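Source file: work25.cif. Holds: mmCIF, C-alpha atoms.
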```cif
data_input
#
loop_
_atom_site.label_atom_id
_atom_site.label_comp_id
_atom_site.auth_asym_id
_atom_site.auth_seq_id
_atom_site.Cartn_x
_atom_site.Cartn_y
_atom_site.Cartn_z
CA MET X 387 17.60 135.60 -29.59
CA LYS X 388 17.63 132.40 -27.55
CA THR X 389 17.39 132.45 -23.78
CA PHE X 390 18.95 129.82 -21.56
CA VAL X 391 16.99 129.03 -18.39
CA PHE X 392 18.91 127.61 -15.44
CA SER X 393 17.86 126.14 -12.12
CA VAL X 394 20.35 127.04 -9.38
CA LYS X 395 20.32 125.06 -6.12
CA SER X 396 22.60 125.06 -3.09
CA THR X 397 24.40 121.88 -2.10
CA LYS X 398 24.26 122.95 1.57
CA VAL X 399 20.92 124.73 2.04
CA GLU X 400 17.71 122.86 1.33
CA ASP X 401 14.69 124.56 -0.24
CA PHE X 402 16.85 127.26 -1.83
CA GLU X 403 16.48 127.69 -5.60
CA ILE X 404 16.88 130.40 -8.21
CA ILE X 405 15.42 130.23 -11.72
CA ILE X 406 17.50 132.52 -13.91
CA GLU X 407 17.23 133.40 -17.60
CA VAL X 408 20.28 134.49 -19.62
CA LEU X 409 20.62 135.45 -23.28
CA SER X 410 22.79 133.15 -25.36
CA ASN X 411 25.12 136.01 -26.36
CA GLN X 412 25.65 137.17 -22.78
CA THR X 413 28.75 136.07 -20.88
CA PHE X 414 29.36 133.96 -17.83
CA GLU X 415 30.47 137.18 -16.14
CA ASP X 416 26.93 138.53 -16.65
CA LEU X 417 25.63 135.31 -15.13
CA PHE X 418 28.07 135.59 -12.22
CA ASN X 419 27.11 139.20 -11.43
CA ILE X 420 23.38 138.47 -11.28
CA LEU X 421 23.95 135.35 -9.16
CA LYS X 422 26.19 137.23 -6.73
CA GLN X 423 23.64 140.00 -6.34
CA THR X 424 20.68 137.65 -5.97
CA ILE X 425 22.33 135.35 -3.44
CA GLY X 426 23.51 138.34 -1.42
CA PHE X 427 27.30 138.17 -1.55
CA GLN X 428 28.72 141.60 -0.65
CA ASP X 429 32.46 140.85 -0.76
CA ASN X 430 34.70 140.34 -3.78
CA GLU X 431 35.94 136.78 -3.66
CA LEU X 432 37.16 134.54 -6.47
CA ALA X 433 34.68 132.27 -8.18
CA SER X 434 34.46 129.66 -10.91
CA PHE X 435 31.93 127.86 -13.08
CA TYR X 436 32.66 124.22 -13.89
CA LEU X 437 31.00 122.62 -16.90
CA CYS X 438 30.17 119.10 -15.72
CA ASN X 439 29.08 115.80 -17.22
CA SER X 440 25.81 114.06 -16.35
CA ILE X 441 27.11 112.93 -12.93
CA TRP X 442 28.44 116.37 -11.92
CA LYS X 443 32.07 115.61 -12.66
CA PRO X 444 33.84 118.87 -13.70
CA GLN X 445 35.08 118.90 -17.29
CA LYS X 446 35.99 122.55 -17.94
CA GLU X 447 36.58 125.53 -15.66
CA ILE X 448 35.46 129.09 -16.37
CA VAL X 449 37.19 131.51 -13.99
CA LEU X 450 36.55 135.08 -12.87
CA ILE X 451 40.25 136.00 -13.01
CA ASP X 452 42.98 134.31 -15.01
CA MET X 453 45.60 133.08 -12.53
CA GLY X 454 47.74 131.50 -15.26
CA GLN X 455 48.27 128.31 -13.27
CA GLU X 456 47.97 125.82 -16.15
CA ASP X 457 50.85 124.98 -18.47
CA ASN X 458 48.91 122.74 -20.84
CA ASP X 459 46.93 124.67 -23.47
CA ASP X 460 44.11 122.12 -23.26
CA ASP X 461 43.76 122.77 -19.52
CA ILE X 462 43.82 126.58 -19.62
CA ALA X 463 40.71 127.89 -17.87
CA LEU X 464 38.27 130.08 -19.78
CA LEU X 465 37.55 133.63 -18.63
CA MET X 466 34.00 134.55 -17.63
CA SER X 467 34.27 137.93 -19.34
CA LYS X 468 35.22 136.34 -22.66
CA THR X 469 33.07 133.20 -22.61
CA LYS X 470 29.49 133.41 -23.85
CA ILE X 471 26.63 131.29 -22.65
CA ASN X 472 26.20 129.80 -26.13
CA ILE X 473 29.32 127.72 -25.52
CA ILE X 474 26.87 125.29 -23.97
CA GLU X 475 25.83 122.56 -26.37
CA ASP X 476 24.23 120.02 -24.06
CA PRO X 477 20.48 120.79 -23.67
CA HIS X 478 20.71 119.44 -20.10
CA GLN X 479 24.07 120.94 -19.23
CA LYS X 480 25.09 120.69 -15.58
CA ILE X 481 27.27 123.45 -14.12
CA LEU X 482 28.92 123.70 -10.74
CA PHE X 483 29.23 127.28 -9.43
CA VAL X 484 31.71 127.88 -6.59
CA TYR X 485 32.08 131.23 -4.83
CA ASP X 486 34.94 131.89 -2.37
CA TYR X 487 37.31 128.92 -2.41
CA ILE X 488 37.85 129.14 1.36
CA LYS X 489 34.23 129.20 2.52
CA ASN X 490 33.28 127.10 -0.50
CA HIS X 491 29.80 128.36 -1.35
CA GLU X 492 28.75 125.70 -3.85
CA PHE X 493 25.74 125.64 -6.16
CA GLN X 494 24.50 123.14 -8.73
CA MET X 495 23.14 124.70 -11.90
CA GLU X 496 21.23 122.82 -14.56
CA LEU X 497 19.96 124.00 -17.93
CA ILE X 498 16.24 123.25 -17.84
CA LYS X 499 14.97 125.08 -20.93
CA ILE X 500 15.98 127.02 -24.04
CA LYS X 501 13.38 129.45 -25.28
CA ASP X 502 12.98 132.65 -27.28
CA SER X 503 13.74 135.89 -25.51
CA GLU X 504 11.06 138.46 -24.74
CA PRO X 505 11.58 142.10 -25.78
CA ASN X 506 10.16 143.61 -22.57
CA ILE X 507 12.47 141.70 -20.21
CA LYS X 508 15.94 142.86 -19.17
CA TYR X 509 18.40 139.96 -19.11
CA PRO X 510 19.85 138.32 -17.13
CA HIS X 511 16.45 137.90 -15.50
CA ILE X 512 15.50 136.28 -12.21
CA ALA X 513 12.26 134.45 -12.95
CA LYS X 514 11.88 132.91 -9.49
CA ILE X 515 13.66 132.64 -6.17
CA THR X 516 12.77 130.33 -3.29
CA GLY X 517 14.23 130.53 0.22
CA LYS X 518 17.13 132.56 1.58
CA TYR X 519 20.66 131.31 1.31
CA LEU X 520 22.93 133.37 3.60
CA GLU X 521 20.53 133.33 6.56
CA THR X 522 20.52 129.53 6.65
CA PHE X 523 23.99 128.74 5.32
CA MET X 524 26.04 126.45 7.56
CA PRO X 525 29.80 127.14 7.55
CA PRO X 526 31.93 124.29 6.16
CA THR X 527 33.34 121.73 8.59
CA PRO X 528 36.97 122.50 9.45
CA SER X 529 39.40 120.32 7.54
CA THR X 530 41.39 117.52 9.17
CA PHE X 531 44.53 119.55 8.53
CA LEU X 532 43.23 122.46 10.63
CA LEU X 533 42.09 120.11 13.37
CA ASN X 534 45.55 118.53 13.50
CA ASP X 535 47.13 121.98 13.72
CA GLN X 536 44.82 122.83 16.61
CA ILE X 537 45.81 119.63 18.41
CA VAL X 538 49.48 120.47 17.95
CA ASP X 539 48.85 123.97 19.31
CA ASP X 540 47.05 122.51 22.34
CA GLU X 541 49.93 120.12 23.04
CA SER X 542 52.41 122.98 22.77
CA ALA X 543 50.34 124.94 25.28
CA ASP X 544 50.47 121.99 27.70
CA GLU X 545 54.23 121.72 27.28
CA SER X 546 54.56 125.46 27.98
CA GLU X 547 52.59 125.07 31.20
CA ASP X 548 54.88 122.22 32.27
CA ASP X 549 57.91 124.41 31.62
CA VAL X 550 56.42 127.16 33.79
CA ASP X 551 55.79 124.66 36.61
CA ASP X 552 59.40 123.43 36.43
CA GLU X 553 60.69 127.00 36.60
CA MET X 554 58.55 127.70 39.66
CA ILE X 555 59.92 124.61 41.40
CA GLU X 556 63.47 125.72 40.62
CA VAL X 557 62.79 129.17 42.05
CA ILE X 558 61.35 127.70 45.27
CA GLU X 559 64.28 125.33 45.75
CA LYS X 560 66.99 127.81 44.89
CA PRO X 561 67.12 129.74 48.24
CA THR X 562 67.88 126.53 50.19
CA ASP X 563 70.45 125.27 47.73
CA ASP X 564 72.34 128.45 46.97
CA ILE X 565 72.83 130.12 50.39
CA ASP X 566 76.29 131.70 50.41
CA SER X 567 78.78 131.71 53.21
CA ASP X 568 77.94 135.29 54.26
CA GLU X 569 74.33 134.32 54.90
CA GLU X 570 75.46 131.31 56.96
CA ASP X 571 77.57 133.63 59.14
CA LEU X 572 74.49 135.70 59.85
CA ILE X 573 72.43 132.80 61.19
CA THR X 574 75.22 130.69 62.86
CA PRO X 575 76.32 131.74 66.42
CA ASP X 576 80.03 132.31 66.93
CA LYS X 577 82.18 130.01 69.12
CA ASP X 578 82.36 132.25 72.20
CA THR X 579 78.62 132.79 72.28
CA ALA X 580 78.02 129.05 72.07
CA GLU X 581 80.41 128.31 74.96
CA HIS X 582 78.84 130.93 77.26
CA PHE X 583 75.42 129.60 76.36
CA PHE X 584 76.24 126.06 77.46
CA GLU X 585 78.05 127.29 80.61
CA ASP X 586 74.92 129.22 81.61
CA ILE X 587 72.83 126.09 81.11
CA ALA X 588 75.21 124.08 83.31
CA ASP X 589 75.12 126.73 86.02
CA MET X 590 71.36 126.84 85.90
CA ASP X 591 71.16 123.06 86.38
CA LEU X 592 73.64 123.20 89.27
CA ASN X 593 71.79 125.95 91.11
CA ASP X 594 68.55 124.07 90.73
CA ASP X 595 70.12 120.96 92.29
CA GLU X 596 71.52 122.94 95.26
CA GLU X 597 68.15 124.54 95.93
CA GLN X 598 66.50 121.12 95.80
CA GLU X 599 69.02 119.68 98.35
CA ASP X 600 68.48 122.59 100.76
CA LEU X 601 64.72 122.02 100.52
CA ASP X 602 65.12 118.32 101.36
CA ASP X 603 67.35 119.09 104.42
CA ASP X 604 64.75 121.49 105.81
CA LEU X 605 62.06 118.84 105.52
CA LEU X 606 64.17 116.28 107.38
CA LYS X 607 64.67 118.64 110.32
#
```
Render the structure in this file as structure tokens.
Amino acid sequence: MKTFVFSVKSTKVEDFEIIIEVLSNQTFEDLFNILKQTIGFQDNELASFYLCNSIWKPQKEIVLIDMGQEDNDDDIALLMSKTKINIIEDPHQKILFVYDYIKNHEFQMELIKIKDSEPNIKYPHIAKITGKYLETFMPPTPSTFLLNDQIVDDESADESEDDVDDEMIEVIEKPTDDIDSDEEDLITPDKDTAEHFFEDIADMDLNDDEEQEDLDDDLLK
């Protein structure tokens, strides 16, 4: 039985590499399971393998779950569980492995050797692993679409604050603008009170003048 040996490297984490050996009659699902376990993924996200040309341009997709999104028979994705490793014909085949389409964990795989299998080894087999992926993985940069949404949200927040300020101004101004006639009656003196008030003032001024004249006459004597 032939064994395919792949080098798996991260596109985001330097110095991380897995050397993995898979039997030719094993499936891409077998390859996926050992990669998931070795890298350390604990969740159950969607994933795909993409068979690429020599410059890493995807040519064919091999999916974990059939979503049935393609109408053209030539473009229908292959299933990992039904696709064997021996589909590979290029001795230097390049494969792009993507796990979790949102976080976009991306790995470049390259076929580096085809050799005979060994009877005392259980395949798929991890021959070598260098570095740790999840401890050094940097989250993807937010997309421009998300950034634009955030900006819109921030502007909306500013507009909301302006609305609150306008409402506060209206509340402060309202008592002076909307005083009813009953309230005016409470703070405005009636006519009789006003007349007596001014008569008292006049009398007070007159008495003061009389006292001043009497004082002047006494001084002249």
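Counting all atoms listed in the file and comparing X:Ile425, X:Leu520, X:Ile507, X:Ile474, the residue that lies closest to X:Ser410 is X:Ile474.
On the file presented, the PyMOL selection byres ((chain X and resi 503) around 10) picks out Met387, Lys388, Thr389, Phe390, Glu407, Val408, Leu409, Ser410, Ile500, Lys501, Asp502, Glu504, Pro505, Asn506, Ile507, Lys508 and Tyr509 of chain X.
Picked by the PyMOL selection byres ((chain X and resi 513) around 7) from the coordinates shown: Ile405, Ile406, Glu407, His511, Ile512 and Lys514 of chain X.
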Original post:
So how far away is atom CA of X:Ile515 from atom CA of X:Glu403, in Å?
Top reply: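 Answer for the atom CA of X:Glu403 to atom CA of X:Ile515 separation: 5.7 Å.
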Subject >> Nearest-residue call for X:Phe493, choices X:Leu421, X:Ile462, X:Ile441, X:Val391, using all atoms listed in the file >> reply: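 Using all atoms listed in the file, the shortest distance to X:Phe493 belongs to X:Leu421.
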Original post:
Expanded to explicit residues, what is the PyMOL selection byres ((chain X and resi 487) around 10) for this file, as a ChimeraX atom specification?
Top reply: /X:431-434,484-486,488-492
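The interatomic distance for the pair atom CA of X:Ile420 and atom CA of X:Lys518 works out to 15.5 Å.
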Subject >> Nearby residues (all atoms listed in the file) at most 9 Å from X:Gly517, same-chain spacing under 4 positions excluded, as a PyMOL selection string >> reply: chain X and resi 400-404
What lies within 10 Å of X:Ser440 using only C-alpha atoms, ignoring chain neighbours under 3 positions off, as a PDB file with C-alpha atoms, keeping the file's coordinate frame?
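Saved the output as result_20.pdb:
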```pdb
ATOM      1  CA  LYS X 443      32.070 115.610 -12.660  1.00  0.00           C
ATOM      2  CA  PRO X 444      33.840 118.870 -13.700  1.00  0.00           C
ATOM      3  CA  ASP X 476      24.230 120.020 -24.060  1.00  0.00           C
ATOM      4  CA  HIS X 478      20.710 119.440 -20.100  1.00  0.00           C
ATOM      5  CA  GLN X 479      24.070 120.940 -19.230  1.00  0.00           C
ATOM      6  CA  LYS X 480      25.090 120.690 -15.580  1.00  0.00           C
ATOM      7  CA  ILE X 481      27.270 123.450 -14.120  1.00  0.00           C
TER       8      ILE X 481
END
```
**OP:** Would you work out the distance separating atom CA of X:Gln412 from atom CA of X:Lys499, expressed in Å to one decimal?
**Re:**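 Going from atom CA of X:Gln412 over to atom CA of X:Lys499, I get 16.2 Å.
Distances from X:Phe392, X:Leu450, X:Thr413, X:Leu464 to X:Asn430 were compared using all atoms listed in the file, and the smallest one belongs to X:Leu450.
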